[in-house]
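Have a look at the structure below before the remarks.
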Amino acid sequence: MTSIISIKNLSKTFRGADGVEVHALENISLDIPEGEFVSLIGPSGCGKSTLLRMIADLIQPTGGQLTINGKTPQQARKDREYGFVFQSATLYEWRTVIKNVELPLEIMKHSKDERRARAREMLKLVELGDFEEKYPWQLSGGMQQRVSIARALAFQPRLLLMDEPFGALDEMTRERMNNELLRIWTAMPEMTVVFVTHSISEAVYLSSRVVVMSPRPGRIAEVIDIDLPRPRGSATRDLDQFFHLTSRVRHALRQGVGLGIDE
Amino acid sequence: MAAATERIEPNARAERPPRDSSGMRPLLSSILIIVALCLLWEGLKSFSKSVDYALTVGETTIDLSLFNDTQLPHLGDILGAFSEPSQRNGPPLYAMLLENALYTLWAAVRGFVIGGVIGFALAILFAHSRLLQRGLLPYVVASQTVPILAIAPMVVIWMGRAGALEWSVPIIAAYLTFFPVTIYTLRGLTSIPSTALELMQSYAAGWWDILIKLRLPNALPQIFTALKISATASVVGAIIGELPSGIQTGLGIAILNFSRYYNQSPPRLFATILMAGLLGILFFAVIAGIERLVVRWRAEVAS
């Protein structure tokens with residue numbers, strides 16, 4: 001399989017206000033094949049969001065190589081290769097739900113009819129077809145996040161980058177959103193998802209691979225293949241294998257933190 | 001499946017408490033406030049007829065004779081003045097004031113538009129160039145510390161020499177109106193949540209799309225705040241601008257004249273001031289009405 005994201009020896013150093021250098025990421029190497037669902041998990045400060053933002057060209061790395069479809073991140077961004085979902089839904093409050101989904105299509109100069117049709121299709125996909133003309137404040141948090149997923153998918157990017165998209169939701173809503181996301185991902189077999197989270201069960205439930213990261217400096221502690229059968233559903237969470245895999249991730253996380261402290 | 005339990009009927013989720021849409025309560029409370037203020041006014045006046053002519057509160061003594069009919073005419077006399085002739089054999093005061101108010105309003109509106117356009121253009125410029133913002137913003141601020149009374153005569157002289165004297169009053173009004181528009185619009189254009197801006201970057205959107213689809217709509221509530229301030233300021237600017245202009249019409253001129261004859265007839269000056277106040281409120285209300293139409297997504301939220 002070909003890699004859609006290829007990362008080699010990537011590092012990021014911030015210079016703090018006091019002039020002290022902070023190594024947010026050090027020596028990250030990772031290949032993400034097309035069509036995978038990869039989660040980045042780790043404690044706060046491990047640089048998982050920073051890594052995602054570097055893939056999105058929202059932050060620039062200070063060393064190493066990073067390519068998306070063989071292009072530089074900047075070129076990939078300009079070619080609209082990815083859709084980004086933030087932790088907050090980041091809907092524009094002055095736009096109705098459907099106009100929010102149409103936003104990227106407007107910027108990419110799609111025709112009015114096409115925009116409307118595509119946005120409708122995406123809202124149906126996230127099961128919000130009846131809410132087209134509502135304003136964001138009229139929707140619950142989970143619904144808002146579904147709109148933002150519809151918006152990210154509206155221009156059919158091959159890569160979906162998600163930065164703790166369900167982190168602000170309650171546990172029940174989060175599990176529903178997980179199923180929703182799996183359904184969408186299954187409906188688009190070529191789409192690759194990179195998903196940042198700090199929930200172990202969420203990462204295991206969704207992913208084909210879990211990348212466990214450790215803090216100070218941020219780096220990859222372990223990459224764990226998740227070979228749970230698909231399609232996954234509520235029964236998946238009751239499997240021994242699920243329990244076994246979450247334990248493995250938890251263990252890797254603990255060890256990763258230990259490593260960071262020892263140094 | 002997944003969303004089955006979260007699926008809510010589209011109209012079920014207007015969970016905010018229903019607002020008093022009849023508008024009766026605000027109307028009632030504003031009437032009550034007006035009545036209370038009138039009672040206070042007349043109450044103070046009734047003291048002036050009391051025997052002592054002085055009220056001592058702690059160490060402070062208030063001379064109650066201050067509230068006599070020359071200093072503070074009865075409200076009935078002020079309202080009555082509207083229907084009396086403004087001068088011997090002249091039209092009633094209300095007709096004369098309306099004519100002058102319209103003249104002042106027209107100058108204020110022109111000043112409001114000029115100031116608004118300039119203020120808006122400066123804000124857009126400053127939002128996109130940190131260099132210009134750092135270089136010019138201090139002078140924009142400094143311009144407002146120069147008293148308008150000092151600037152007004154100069155503007156009249158300049159515009160007179162340029163042969164455009166009728167524009168001197170609007171320009172003086174514009175001097176007061178551009179400032180709030182610049183400051184509030186600039187803040188609205190630049191105070192944007194970082195993710196909202198990153199979203200635009202992720203689409204590789206150009207500065208024009210970011211301006212039109214993010215910065216401007218984000219700034220609209222603040223722009224309207226500025227416009228409401230500017231609307232009233234433009235009336236003040238127009239009235240002050242009329243004073244040195246040599247023009248013979250306008251509320252400013254009426255204020256000047258009636259203050260000259262104050263001792264003969266105090267209510268006429270009060271009536272003119274009332275008119276000026278109403279003019280500012282009217283202009284303010286028009287802008288607030290437009291705001292409700294434009295900023296609809298907020299109108300539903302705002303309480």
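Note on naming: chains are A, B, ... as they come in the structure tokens, residues start from 1 per chain, ligands start from 1 in the order shown.
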Exercise answer, chain A residues close to chain B, 9 Å and only C-alpha atoms, as a PyMOL selection string
chain A and resi 56-58+77-80+82-86+88+90-96+103-104+107-108+126-128+130-131+134-135+137-140+142-143+173+175-180+183
Selection to disk with N, CA and C atoms, as a compact mmCIF listing (two decimals), in the first residue's frame:
```
# COMPACT_ATOMS: atom_id res chain seq x y z
N ALA A 56 -1.15 19.48 8.63
CA ALA A 56 -2.09 20.41 8.00
C ALA A 56 -1.43 21.70 7.53
N ASP A 57 -0.13 21.86 7.77
CA ASP A 57 0.59 23.08 7.40
C ASP A 57 0.06 24.30 8.15
N LEU A 58 -0.48 24.08 9.35
CA LEU A 58 -0.88 25.20 10.19
C LEU A 58 0.27 25.61 11.10
N ARG A 77 -1.88 21.62 1.23
CA ARG A 77 -2.93 22.52 1.74
C ARG A 77 -3.51 23.34 0.59
N LYS A 78 -2.61 23.85 -0.26
CA LYS A 78 -3.08 24.65 -1.39
C LYS A 78 -3.91 23.83 -2.36
N ASP A 79 -3.59 22.54 -2.46
CA ASP A 79 -4.36 21.65 -3.34
C ASP A 79 -5.61 21.10 -2.64
N ARG A 80 -5.87 21.57 -1.45
CA ARG A 80 -7.04 21.15 -0.66
C ARG A 80 -7.12 19.63 -0.54
N TYR A 82 -6.79 17.96 2.31
CA TYR A 82 -7.32 17.46 3.58
C TYR A 82 -8.47 18.33 4.09
N GLY A 83 -9.32 17.70 4.89
CA GLY A 83 -10.32 18.43 5.66
C GLY A 83 -9.91 18.39 7.12
N PHE A 84 -10.15 19.48 7.85
CA PHE A 84 -9.70 19.55 9.24
C PHE A 84 -10.92 19.71 10.15
N VAL A 85 -10.96 18.93 11.22
CA VAL A 85 -12.03 19.07 12.21
C VAL A 85 -11.39 19.45 13.54
N PHE A 86 -11.80 20.59 14.08
CA PHE A 86 -11.22 21.09 15.33
C PHE A 86 -11.99 20.55 16.54
N SER A 88 -13.38 22.33 18.91
CA SER A 88 -14.65 23.06 18.90
C SER A 88 -15.16 23.03 17.46
N THR A 90 -16.30 25.13 15.57
CA THR A 90 -15.84 26.24 14.76
C THR A 90 -16.79 26.52 13.58
N LEU A 91 -18.07 26.53 13.90
CA LEU A 91 -19.04 26.93 12.87
C LEU A 91 -19.12 28.46 12.89
N TYR A 92 -19.38 29.05 11.73
CA TYR A 92 -19.54 30.51 11.70
C TYR A 92 -20.99 30.82 12.10
N GLU A 93 -21.12 31.55 13.21
CA GLU A 93 -22.43 31.71 13.83
C GLU A 93 -23.41 32.49 12.96
N TRP A 94 -22.88 33.25 11.97
CA TRP A 94 -23.76 34.05 11.12
C TRP A 94 -24.26 33.26 9.92
N ARG A 95 -23.80 32.03 9.80
CA ARG A 95 -24.23 31.19 8.68
C ARG A 95 -25.17 30.11 9.19
N THR A 96 -26.17 29.79 8.38
CA THR A 96 -27.02 28.66 8.71
C THR A 96 -26.20 27.39 8.56
N LEU A 103 -19.37 26.52 2.95
CA LEU A 103 -18.25 27.47 3.02
C LEU A 103 -17.02 27.05 2.21
N PRO A 104 -16.49 25.83 2.42
CA PRO A 104 -15.29 25.48 1.64
C PRO A 104 -15.58 25.44 0.14
N ILE A 107 -15.36 28.89 -1.28
CA ILE A 107 -13.97 29.34 -1.44
C ILE A 107 -13.32 28.63 -2.62
N MET A 108 -13.73 27.39 -2.86
CA MET A 108 -13.14 26.64 -3.96
C MET A 108 -13.91 26.86 -5.27
N VAL A 126 -24.47 12.93 7.67
CA VAL A 126 -24.33 13.05 9.13
C VAL A 126 -25.70 13.11 9.82
N GLU A 127 -26.73 12.81 9.04
CA GLU A 127 -28.11 12.72 9.55
C GLU A 127 -28.60 14.01 10.16
N LEU A 128 -28.32 15.11 9.46
CA LEU A 128 -28.83 16.41 9.90
C LEU A 128 -29.59 17.09 8.77
N ASP A 130 -32.59 17.61 8.26
CA ASP A 130 -33.72 18.46 8.61
C ASP A 130 -33.30 19.78 9.25
N PHE A 131 -32.01 19.99 9.39
CA PHE A 131 -31.55 21.17 10.14
C PHE A 131 -30.88 22.23 9.28
N LYS A 134 -31.17 25.95 10.17
CA LYS A 134 -30.97 26.38 11.56
C LYS A 134 -29.65 27.13 11.68
N TYR A 135 -29.57 27.95 12.70
CA TYR A 135 -28.29 28.60 13.02
C TYR A 135 -27.56 27.72 14.04
N TRP A 137 -26.33 28.03 16.96
CA TRP A 137 -26.71 28.06 18.38
C TRP A 137 -27.95 27.24 18.65
N GLN A 138 -28.70 26.90 17.62
CA GLN A 138 -29.92 26.11 17.82
C GLN A 138 -29.63 24.61 17.90
N LEU A 139 -28.34 24.24 17.72
CA LEU A 139 -27.96 22.82 17.71
C LEU A 139 -27.22 22.45 18.99
N SER A 140 -27.30 21.17 19.37
CA SER A 140 -26.52 20.69 20.52
C SER A 140 -25.05 20.56 20.11
N GLY A 142 -23.04 17.98 20.07
CA GLY A 142 -22.79 16.84 19.19
C GLY A 142 -23.24 17.12 17.76
N MET A 143 -24.40 17.76 17.64
CA MET A 143 -24.90 18.09 16.30
C MET A 143 -23.99 19.10 15.61
N THR A 173 -22.72 10.83 24.14
CA THR A 173 -22.70 11.46 22.82
C THR A 173 -21.43 11.06 22.08
N GLU A 175 -19.74 8.27 22.26
CA GLU A 175 -19.83 6.93 21.68
C GLU A 175 -20.71 6.91 20.44
N ARG A 176 -21.78 7.68 20.49
CA ARG A 176 -22.63 7.78 19.29
C ARG A 176 -21.86 8.38 18.12
N MET A 177 -21.08 9.42 18.44
CA MET A 177 -20.30 10.09 17.40
C MET A 177 -19.24 9.14 16.83
N ASN A 178 -18.67 8.29 17.69
CA ASN A 178 -17.69 7.31 17.23
C ASN A 178 -18.31 6.40 16.18
N ASN A 179 -19.53 5.89 16.49
CA ASN A 179 -20.20 5.02 15.52
C ASN A 179 -20.49 5.76 14.22
N GLU A 180 -20.93 7.01 14.39
CA GLU A 180 -21.23 7.86 13.24
C GLU A 180 -19.99 7.99 12.34
N ARG A 183 -19.12 4.82 10.50
CA ARG A 183 -20.05 4.62 9.39
C ARG A 183 -19.63 5.46 8.18
```
Listing only residues of range 82-129 of chain B within 10 Å of range 136-145 of chain B, what is the closest atom pair and its distance in Å (to one decimal) for each, using only C-alpha atoms, sorted by chain and residue number ascending, as a tab-separated table?
```
residue	atom	partner	partner_atom	distance
B:Gly119	CA	B:Val140	CA	9.7
B:Leu122	CA	B:Leu137	CA	9.1
B:Ala123	CA	B:Leu137	CA	9.6
B:Phe126	CA	B:Leu137	CA	8.0
```
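Between Ala219 in chain B and the candidates B:Ala127, B:Met154, B:Ile34, B:Met159, the tightest atom-to-atom separation, counting only C-alpha atoms, involves B:Ala127.
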Within 12 Å of Asn257 in chain B using only C-alpha atoms, minus same-chain residues under 3 positions, as a ChimeraX atom specification
/B:86-87,243,248-254,260-266,268-269,272
Among range 117-252 of chain B, which residues carry a DSSP assignment of helix (DSSP H, G or I), reported as a PyMOL selection string?
chain B and resi 117-128+130-143+148-161+165-190+194-202+207-242+251-252
Would you mind exporting the chosen residues as a JSON list (two decimals), in the first residue's frame, restricted to C-alpha atoms?
```
[["chain", "number", "residue", "atom", "x", "y", "z"],
["B", 117, "VAL", "CA", -16.71, 55.42, 5.05],
["B", 118, "ILE", "CA", -13.41, 56.92, 6.19],
["B", 119, "GLY", "CA", -13.53, 55.10, 9.53],
["B", 120, "PHE", "CA", -14.33, 51.81, 7.83],
["B", 121, "ALA", "CA", -11.58, 52.20, 5.22],
["B", 122, "LEU", "CA", -9.02, 52.99, 7.94],
["B", 123, "ALA", "CA", -10.08, 49.90, 9.92],
["B", 124, "ILE", "CA", -9.70, 47.61, 6.88],
["B", 125, "LEU", "CA", -6.31, 49.14, 6.17],
["B", 126, "PHE", "CA", -5.15, 48.77, 9.78],
["B", 127, "ALA", "CA", -6.45, 45.20, 9.97],
["B", 128, "HIS", "CA", -4.22, 44.20, 7.06],
["B", 130, "ARG", "CA", 0.45, 46.17, 11.18],
["B", 131, "LEU", "CA", 2.90, 48.81, 9.95],
["B", 132, "LEU", "CA", 0.15, 51.28, 9.04],
["B", 133, "GLN", "CA", -1.72, 50.46, 12.23],
["B", 134, "ARG", "CA", 1.34, 51.18, 14.38],
["B", 135, "GLY", "CA", 2.23, 54.27, 12.38],
["B", 136, "LEU", "CA", -1.16, 55.92, 12.03],
["B", 137, "LEU", "CA", -3.39, 54.72, 14.85],
["B", 138, "PRO", "CA", -1.78, 57.04, 17.43],
["B", 139, "TYR", "CA", -2.70, 60.04, 15.26],
["B", 140, "VAL", "CA", -6.23, 58.76, 14.85],
["B", 141, "VAL", "CA", -6.47, 58.64, 18.64],
["B", 142, "ALA", "CA", -4.77, 62.02, 19.04],
["B", 143, "SER", "CA", -7.23, 63.60, 16.60],
["B", 148, "ILE", "CA", -13.97, 69.90, 18.08],
["B", 149, "LEU", "CA", -14.61, 73.56, 19.00],
["B", 150, "ALA", "CA", -11.04, 74.37, 17.96],
["B", 151, "ILE", "CA", -11.26, 72.49, 14.70],
["B", 152, "ALA", "CA", -14.68, 73.71, 13.61],
["B", 153, "PRO", "CA", -13.75, 77.35, 12.77],
["B", 154, "MET", "CA", -10.76, 76.15, 10.73],
["B", 155, "VAL", "CA", -12.89, 73.77, 8.72],
["B", 156, "VAL", "CA", -15.34, 76.60, 8.04],
["B", 157, "ILE", "CA", -12.54, 78.85, 6.80],
["B", 158, "TRP", "CA", -11.00, 76.14, 4.63],
["B", 159, "MET", "CA", -14.26, 75.03, 3.12],
["B", 160, "GLY", "CA", -15.28, 78.67, 2.57],
["B", 161, "ARG", "CA", -12.08, 79.29, 0.62],
["B", 165, "LEU", "CA", -19.14, 76.12, 2.66],
["B", 166, "GLU", "CA", -22.24, 73.90, 2.75],
["B", 167, "TRP", "CA", -19.95, 70.92, 3.37],
["B", 168, "SER", "CA", -18.23, 72.43, 6.40],
["B", 169, "VAL", "CA", -20.89, 71.19, 8.86],
["B", 170, "PRO", "CA", -20.93, 67.61, 7.50],
["B", 171, "ILE", "CA", -17.14, 67.49, 7.66],
["B", 172, "ILE", "CA", -17.12, 68.66, 11.27],
["B", 173, "ALA", "CA", -19.71, 65.96, 12.04],
["B", 174, "ALA", "CA", -17.58, 63.40, 10.19],
["B", 175, "TYR", "CA", -14.64, 64.33, 12.41],
["B", 176, "LEU", "CA", -16.56, 63.00, 15.40],
["B", 177, "THR", "CA", -18.03, 59.96, 13.66],
["B", 178, "PHE", "CA", -15.07, 58.27, 11.98],
["B", 179, "PHE", "CA", -13.28, 57.49, 15.23],
["B", 180, "PRO", "CA", -15.66, 55.01, 16.85],
["B", 181, "VAL", "CA", -16.11, 53.29, 13.50],
["B", 182, "THR", "CA", -12.35, 52.83, 13.10],
["B", 183, "ILE", "CA", -11.79, 51.54, 16.63],
["B", 184, "TYR", "CA", -14.76, 49.17, 16.85],
["B", 185, "THR", "CA", -14.45, 47.85, 13.30],
["B", 186, "LEU", "CA", -10.74, 47.21, 13.75],
["B", 187, "ARG", "CA", -11.45, 45.26, 16.88],
["B", 188, "GLY", "CA", -14.19, 43.26, 15.18],
["B", 189, "LEU", "CA", -12.00, 42.50, 12.18],
["B", 190, "THR", "CA", -9.06, 41.31, 14.26],
["B", 194, "SER", "CA", -7.76, 31.30, 16.15],
["B", 195, "THR", "CA", -9.49, 28.14, 14.93],
["B", 196, "ALA", "CA", -11.93, 30.19, 12.82],
["B", 197, "LEU", "CA", -8.90, 31.66, 11.07],
["B", 198, "GLU", "CA", -7.11, 28.30, 10.85],
["B", 199, "LEU", "CA", -10.19, 26.87, 9.18],
["B", 200, "MET", "CA", -9.77, 29.46, 6.43],
["B", 201, "GLN", "CA", -6.06, 28.64, 6.18],
["B", 202, "SER", "CA", -6.89, 24.95, 5.82],
["B", 207, "TRP", "CA", -7.24, 37.53, 2.08],
["B", 208, "TRP", "CA", -10.34, 38.65, 0.20],
["B", 209, "ASP", "CA", -12.33, 35.52, 1.09],
["B", 210, "ILE", "CA", -11.12, 35.81, 4.69],
["B", 211, "LEU", "CA", -12.26, 39.44, 4.78],
["B", 212, "ILE", "CA", -15.66, 38.86, 3.20],
["B", 213, "LYS", "CA", -16.57, 35.51, 4.70],
["B", 214, "LEU", "CA", -14.96, 35.78, 8.14],
["B", 215, "ARG", "CA", -13.65, 39.16, 9.25],
["B", 216, "LEU", "CA", -16.56, 41.32, 8.15],
["B", 217, "PRO", "CA", -19.41, 39.14, 9.40],
["B", 218, "ASN", "CA", -17.45, 38.65, 12.63],
["B", 219, "ALA", "CA", -17.14, 42.43, 12.95],
["B", 220, "LEU", "CA", -20.77, 43.28, 12.15],
["B", 221, "PRO", "CA", -22.04, 43.43, 15.75],
["B", 222, "GLN", "CA", -19.16, 45.75, 16.66],
["B", 223, "ILE", "CA", -19.61, 47.81, 13.51],
["B", 224, "PHE", "CA", -23.22, 48.42, 14.49],
["B", 225, "THR", "CA", -22.19, 49.40, 18.01],
["B", 226, "ALA", "CA", -19.88, 51.97, 16.41],
["B", 227, "LEU", "CA", -22.56, 53.19, 14.02],
["B", 228, "LYS", "CA", -25.00, 53.74, 16.88],
["B", 229, "ILE", "CA", -22.42, 55.82, 18.75],
["B", 230, "SER", "CA", -21.57, 57.66, 15.54],
["B", 231, "ALA", "CA", -25.22, 58.40, 14.76],
["B", 232, "THR", "CA", -25.65, 60.40, 17.96],
["B", 233, "ALA", "CA", -22.16, 61.89, 17.68],
["B", 234, "SER", "CA", -22.94, 63.11, 14.16],
["B", 235, "VAL", "CA", -25.92, 65.10, 15.48],
["B", 236, "VAL", "CA", -23.72, 66.65, 18.18],
["B", 237, "GLY", "CA", -21.04, 67.35, 15.56],
["B", 238, "ALA", "CA", -23.52, 68.99, 13.20],
["B", 239, "ILE", "CA", -24.94, 71.21, 15.96],
["B", 240, "ILE", "CA", -21.47, 72.33, 17.07],
["B", 241, "GLY", "CA", -20.38, 72.75, 13.47],
["B", 242, "GLU", "CA", -23.21, 75.16, 12.77],
["B", 251, "LEU", "CA", -30.67, 73.50, 15.53],
["B", 252, "GLY", "CA", -27.28, 74.85, 16.57]]
```
